[in-house]
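Here the structure comes first, spelled out in structure tokens, and everything after it is commentary.
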Amino acid sequence: MGTHTHIVVCHECDEIVNVVDPYKEGRYKCPRCGHLLFRQKHGMIEKMFALGLAAAILFGLTNYFPFLSFEVIGNRAEANFLTSVQYLIEEQEWLLAVAVLMTTLVVPSIRIALVLALFGPLYFGKVPGYAPGVLKLLDQTLPWAMVDVFLVGVFVSMVKLVKMGTVIAGISLWAFLVMVFVMAAMQTTYNAHMVWDIVETARRRER
Amino acid sequence: MRAIEADMVSCHACHATVRIGEDPGKGEPHCPRCGEALAFRDYTSMQTVWALVIASIVFYIPANLLPMMHVHTFAGTQSDTILSGVLYFMETGSYLIAAVIFIASIVVPITKILILIYLLVSVQKGTIDNPKKKQKLYLFTELIGKWSMVDVYVVAIMIALVHFGGLTQIEAASGATFFLLVVVTTMIAAMKFDVRLIWDNAQKERDG
Ligand SMILES: [Zn+2]
Ligand SMILES: [Zn+2]
């Protein structure tokens with residue numbers, strides 16, 4: 001690939017930045033305000049596809065096995081991922097039920113599906129027609145995927161419950177823990193600027 | 001040079017740099033790459049941010065006063081507020097967890113609300129100093145936003161596990177819903193705030 005001159009505008013301070021070679025690996029920062037414009041890593045598409053597959057498998061495991069079990073004087077309760085949502089609905093805490101369901105289950109699984117739907121075809125050299133829509137959705141859903149916060153909530157609950165009875169971590173908690181790291185890695189690998197460039201180049205070629 | 005001076009705008013959705021003057025289409029300009037509507041600044045966003053910040057302050061009061069959950073045991077019923085939860089962990093010696101809850105549930109929401117008010121006021125008063133510092137404050141509120149959800153998740157997990165009929169049972173209480181509303185309103189407020197307005201003020205001063 002030759003040397004490209006790319007004009008990027010910083011979304012924070014509005015500075016026009018001339019990026020001489022956006023395909024060189026590295027972190028590109030705004031000269032005025034220091035904000036990270038984008039990050040370029042080699043093999044971004046392969047890595048995203050692999051991380052997406054890993055996240056999908058881990059997410060499946062998380063939902064299949066029990067998450068935590070709790071024992072107090074002969075009584076035993078087992079919770080899987082959806083149990084808390086079930087009880088919230090039973091107690092008619094609709095807002096809480098929707099919020100927990102969306103931020104820990106629906107939004108994260110949609111994001112994983114979007115990553116696979118986008119980077120799967122890209123990996124095999126095809127630019128899908130729905131790519132712009134997927135890119136926009138990935139951007140919009142990002143703040144509402146809160147698996148990392150949920151993980152901290154699990155640890156806090158465990159400390160609280162240890163004082164009341166016996167807490168046992170299930171397989172699903174370990175899968176979930178790894179998934180949180182996989183999704184964080186996805187976020188640092190992802191470079192929307194580059195994918196938009198690929199989409200635009202493909203479109204120009206079609207004309 | 002800044003984009004607004006060059007009649008250029010960056011598409012918020014796809015980061016394409018578009019020169020607005022060049023757009024031959026009539027009416028509202030659209031991004032040639034992704035089709036989103038383009039605008040230099042959305043000045044009405046300030047009102048939205050104010051409304052959301054005020055709403056979050058209103059929700060913050062019952063979120064702290066009302067219990068987050070009711071704990072029924074053979075010894076009776078106990079109601080936990082955010083603060084009593086923190087105190088419980090302190091008394092039982094879990095200082096790290098006490099600190100996590102105190103920061104996530106008390107420090108983070110207050111800090112977010114104060115920073116947003118400070119930024120709104122400084123944009124409207126047209127203050128020009130330290131745009132970089134103000135931007136850092138803004139990015140900080142965006143970064144910490146979702147972490148206040150910890151306490152909401154704790155309530156959800158506790159009620160899922162402690163559910164042994166009438167004997168030992170935990171129920172969610174209305175404080176948790178108000179707390180959720182604080183988190184959501186402050187998160188949307190931070191998203192709607194346009195930091196470039198801070199830099200616009202600094203720019204006006206430099207120009208003259
Ligand atoms: Zn900048
Ligand atoms: Zn666009």
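Here, A, B, ... name the chains of the structure tokens in the order displayed, residue numbers run from 1 inside each chain, and ligands are numbered from 1 in the same displayed order.
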
Practice item. May I have the residues within 12 Å of ligand 2, computed using only C-alpha atoms and all ligand atoms, as a PyMOL selection string? Key: (chain A and resi 132-133+135-136+192-193+196-197+199-200) or (chain B and resi 9-18+29-39)

Review point. Could you pull the residues within 10 Å of stretch 78-94 of chain B, counting only C-alpha atoms, minus those fewer than 6 positions along the same chain, as JSON, numbers by chain?
Key: {"A": [156, 159, 160, 163], "B": [63, 64, 65, 66, 67, 68, 69, 70, 71, 72, 100, 101, 102, 103, 105, 106, 151, 170, 171, 172, 173, 175, 176, 179]}

Point to revise | 6 Å contacts from chain B to chain A using only C-alpha atoms, as a PyMOL selection string | key: chain B and resi 1-3+10+132+147+150+153-154+156-157+160-161+195-196+199

Point to revise | Pick from B:Met149, B:Ile198, B:Ala99, B:Ile117 nearest to ligand 1, counting only C-alpha atoms and all ligand atoms | key: B:Ile198

**Study point:** Test item, strand (DSSP E) assignment across stretch 24-179 of chain B, answer as number ranges by chain
**Key:** B: 69-73, 76-80, 163-164, 168-172

Output for the residues just chosen: C-alpha atoms as a PDB file, in the first residue's frame:
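Generated output (result-v1.pdb):
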ATOM      1  CA  MET B  69     -33.010  -3.893  49.041  1.00  0.00           C
ATOM      2  CA  HIS B  70     -34.865  -5.577  51.893  1.00  0.00           C
ATOM      3  CA  VAL B  71     -33.162  -8.500  53.607  1.00  0.00           C
ATOM      4  CA  HIS B  72     -35.578 -10.874  55.344  1.00  0.00           C
ATOM      5  CA  THR B  73     -33.989 -13.384  57.734  1.00  0.00           C
ATOM      6  CA  GLY B  76     -36.281  -9.991  61.118  1.00  0.00           C
ATOM      7  CA  THR B  77     -36.259  -7.625  58.160  1.00  0.00           C
ATOM      8  CA  GLN B  78     -33.446  -5.222  57.442  1.00  0.00           C
ATOM      9  CA  SER B  79     -33.415  -2.540  54.741  1.00  0.00           C
ATOM     10  CA  ASP B  80     -30.164  -1.532  53.092  1.00  0.00           C
ATOM     11  CA  HIS B 163     -34.429 -16.668  47.690  1.00  0.00           C
ATOM     12  CA  PHE B 164     -35.393 -19.363  50.174  1.00  0.00           C
ATOM     13  CA  THR B 168     -34.339 -16.013  54.115  1.00  0.00           C
ATOM     14  CA  GLN B 169     -35.037 -13.758  51.212  1.00  0.00           C
ATOM     15  CA  ILE B 170     -33.756 -10.581  49.611  1.00  0.00           C
ATOM     16  CA  GLU B 171     -36.039  -8.259  47.669  1.00  0.00           C
ATOM     17  CA  ALA B 172     -35.173  -5.302  45.469  1.00  0.00           C
TER      18      ALA B 172
END

List the spatial neighbours of stretch 109-116 of chain A as a short mmCIF file (atom, residue, chain, number, x, y, z; two decimals) with C-alpha atoms, in the first residue's frame - criterion: any atom at most 7 Å away, only C-alpha atoms, same-chain residues fewer than 5 positions off excluded.
data_model
loop_
_atom_site.label_atom_id
_atom_site.label_comp_id
_atom_site.auth_asym_id
_atom_site.auth_seq_id
_atom_site.Cartn_x
_atom_site.Cartn_y
_atom_site.Cartn_z
CA PHE A 49 -12.71 -12.31 13.81
CA GLY A 52 -15.40 -12.45 18.12
CA ALA A 55 -16.34 -14.25 22.80
CA ALA A 56 -19.29 -16.08 21.22
CA VAL A 134 -23.01 -2.55 11.49
CA LEU A 138 -21.11 -0.96 17.05
#

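With only C-alpha atoms and all ligand atoms as the basis for measurement, B:Pro131 is the residue among B:Pro131, B:Val184, B:Met158, B:Val152 that approaches ligand 1 most closely.
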
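Between ligand 1 and the candidates A:Phe59, A:Tyr28, A:Tyr23, A:Phe65, the tightest atom-to-atom separation, counting only C-alpha atoms and all ligand atoms, involves A:Tyr28.
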
Write down as an mmCIF file with C-alpha atoms, in the first residue's frame the residues of stretch 72-164 of chain B whose backbone DSSP state falls under helix (DSSP H, G or I).
data_model
loop_
_atom_site.group_PDB
_atom_site.id
_atom_site.type_symbol
_atom_site.label_atom_id
_atom_site.label_comp_id
_atom_site.auth_asym_id
_atom_site.auth_seq_id
_atom_site.Cartn_x
_atom_site.Cartn_y
_atom_site.Cartn_z
ATOM 1 C CA ILE B 82 -26.342 2.706 49.708
ATOM 2 C CA LEU B 83 -24.736 4.273 52.757
ATOM 3 C CA SER B 84 -25.741 1.487 55.135
ATOM 4 C CA GLY B 85 -24.225 -0.970 52.663
ATOM 5 C CA VAL B 86 -20.915 0.886 52.808
ATOM 6 C CA LEU B 87 -21.046 1.036 56.615
ATOM 7 C CA TYR B 88 -21.847 -2.700 56.764
ATOM 8 C CA PHE B 89 -18.690 -3.562 54.807
ATOM 9 C CA MET B 90 -16.617 -1.209 56.995
ATOM 10 C CA GLU B 91 -17.913 -2.797 60.199
ATOM 11 C CA TYR B 95 -12.499 -2.240 53.530
ATOM 12 C CA LEU B 96 -11.704 -2.852 49.876
ATOM 13 C CA ILE B 97 -15.332 -3.647 49.038
ATOM 14 C CA ALA B 98 -16.488 -0.695 51.168
ATOM 15 C CA ALA B 99 -14.182 1.544 49.126
ATOM 16 C CA VAL B 100 -15.410 0.082 45.797
ATOM 17 C CA ILE B 101 -19.069 0.719 46.708
ATOM 18 C CA PHE B 102 -18.347 4.142 48.187
ATOM 19 C CA ILE B 103 -16.493 5.256 45.049
ATOM 20 C CA ALA B 104 -18.862 3.657 42.516
ATOM 21 C CA SER B 105 -22.127 4.652 44.192
ATOM 22 C CA ILE B 106 -21.418 7.914 45.985
ATOM 23 C CA VAL B 107 -18.262 9.581 44.633
ATOM 24 C CA VAL B 108 -18.776 8.775 40.926
ATOM 25 C CA PRO B 109 -22.373 10.103 40.530
ATOM 26 C CA ILE B 110 -21.665 13.307 42.501
ATOM 27 C CA THR B 111 -18.418 13.925 40.597
ATOM 28 C CA LYS B 112 -20.168 13.389 37.264
ATOM 29 C CA ILE B 113 -22.999 15.780 38.094
ATOM 30 C CA LEU B 114 -20.605 18.480 39.386
ATOM 31 C CA ILE B 115 -18.271 18.238 36.389
ATOM 32 C CA LEU B 116 -21.182 18.430 33.936
ATOM 33 C CA ILE B 117 -22.603 21.518 35.676
ATOM 34 C CA TYR B 118 -19.155 23.148 35.677
ATOM 35 C CA LEU B 119 -18.717 22.438 31.954
ATOM 36 C CA LEU B 120 -22.226 23.650 31.056
ATOM 37 C CA VAL B 121 -21.730 26.890 32.986
ATOM 38 C CA SER B 122 -18.287 27.518 31.521
ATOM 39 C CA VAL B 123 -19.560 26.996 27.959
ATOM 40 C CA GLN B 124 -22.497 29.342 28.522
ATOM 41 C CA LYS B 125 -20.395 32.013 30.235
ATOM 42 C CA PRO B 131 -9.830 23.951 27.298
ATOM 43 C CA LYS B 132 -7.531 20.950 27.516
ATOM 44 C CA LYS B 133 -8.135 20.522 31.233
ATOM 45 C CA LYS B 134 -11.896 20.830 30.765
ATOM 46 C CA GLN B 135 -11.794 18.231 28.010
ATOM 47 C CA LYS B 136 -9.940 15.879 30.355
ATOM 48 C CA LEU B 137 -12.686 16.376 32.948
ATOM 49 C CA TYR B 138 -15.293 15.605 30.309
ATOM 50 C CA LEU B 139 -13.569 12.441 29.116
ATOM 51 C CA PHE B 140 -13.251 11.392 32.747
ATOM 52 C CA THR B 141 -17.028 11.610 33.248
ATOM 53 C CA GLU B 142 -17.541 9.502 30.127
ATOM 54 C CA LEU B 143 -15.040 6.926 31.343
ATOM 55 C CA ILE B 144 -16.429 6.490 34.864
ATOM 56 C CA GLY B 145 -20.101 6.722 33.883
ATOM 57 C CA LYS B 146 -21.108 3.090 33.702
ATOM 58 C CA TRP B 147 -19.209 2.012 36.825
ATOM 59 C CA SER B 148 -21.981 3.306 39.077
ATOM 60 C CA MET B 149 -24.056 0.354 37.883
ATOM 61 C CA VAL B 150 -22.155 -1.902 40.302
ATOM 62 C CA ASP B 151 -24.682 -1.427 43.091
ATOM 63 C CA VAL B 152 -27.636 -2.146 40.813
ATOM 64 C CA TYR B 153 -25.982 -5.422 39.764
ATOM 65 C CA VAL B 154 -25.262 -6.326 43.377
ATOM 66 C CA VAL B 155 -28.986 -6.025 44.158
ATOM 67 C CA ALA B 156 -29.844 -8.157 41.106
ATOM 68 C CA ILE B 157 -27.358 -10.893 42.028
ATOM 69 C CA MET B 158 -28.313 -10.924 45.711
ATOM 70 C CA ILE B 159 -32.014 -11.397 45.005
ATOM 71 C CA ALA B 160 -31.197 -14.215 42.568
ATOM 72 C CA LEU B 161 -29.220 -16.164 45.156
#
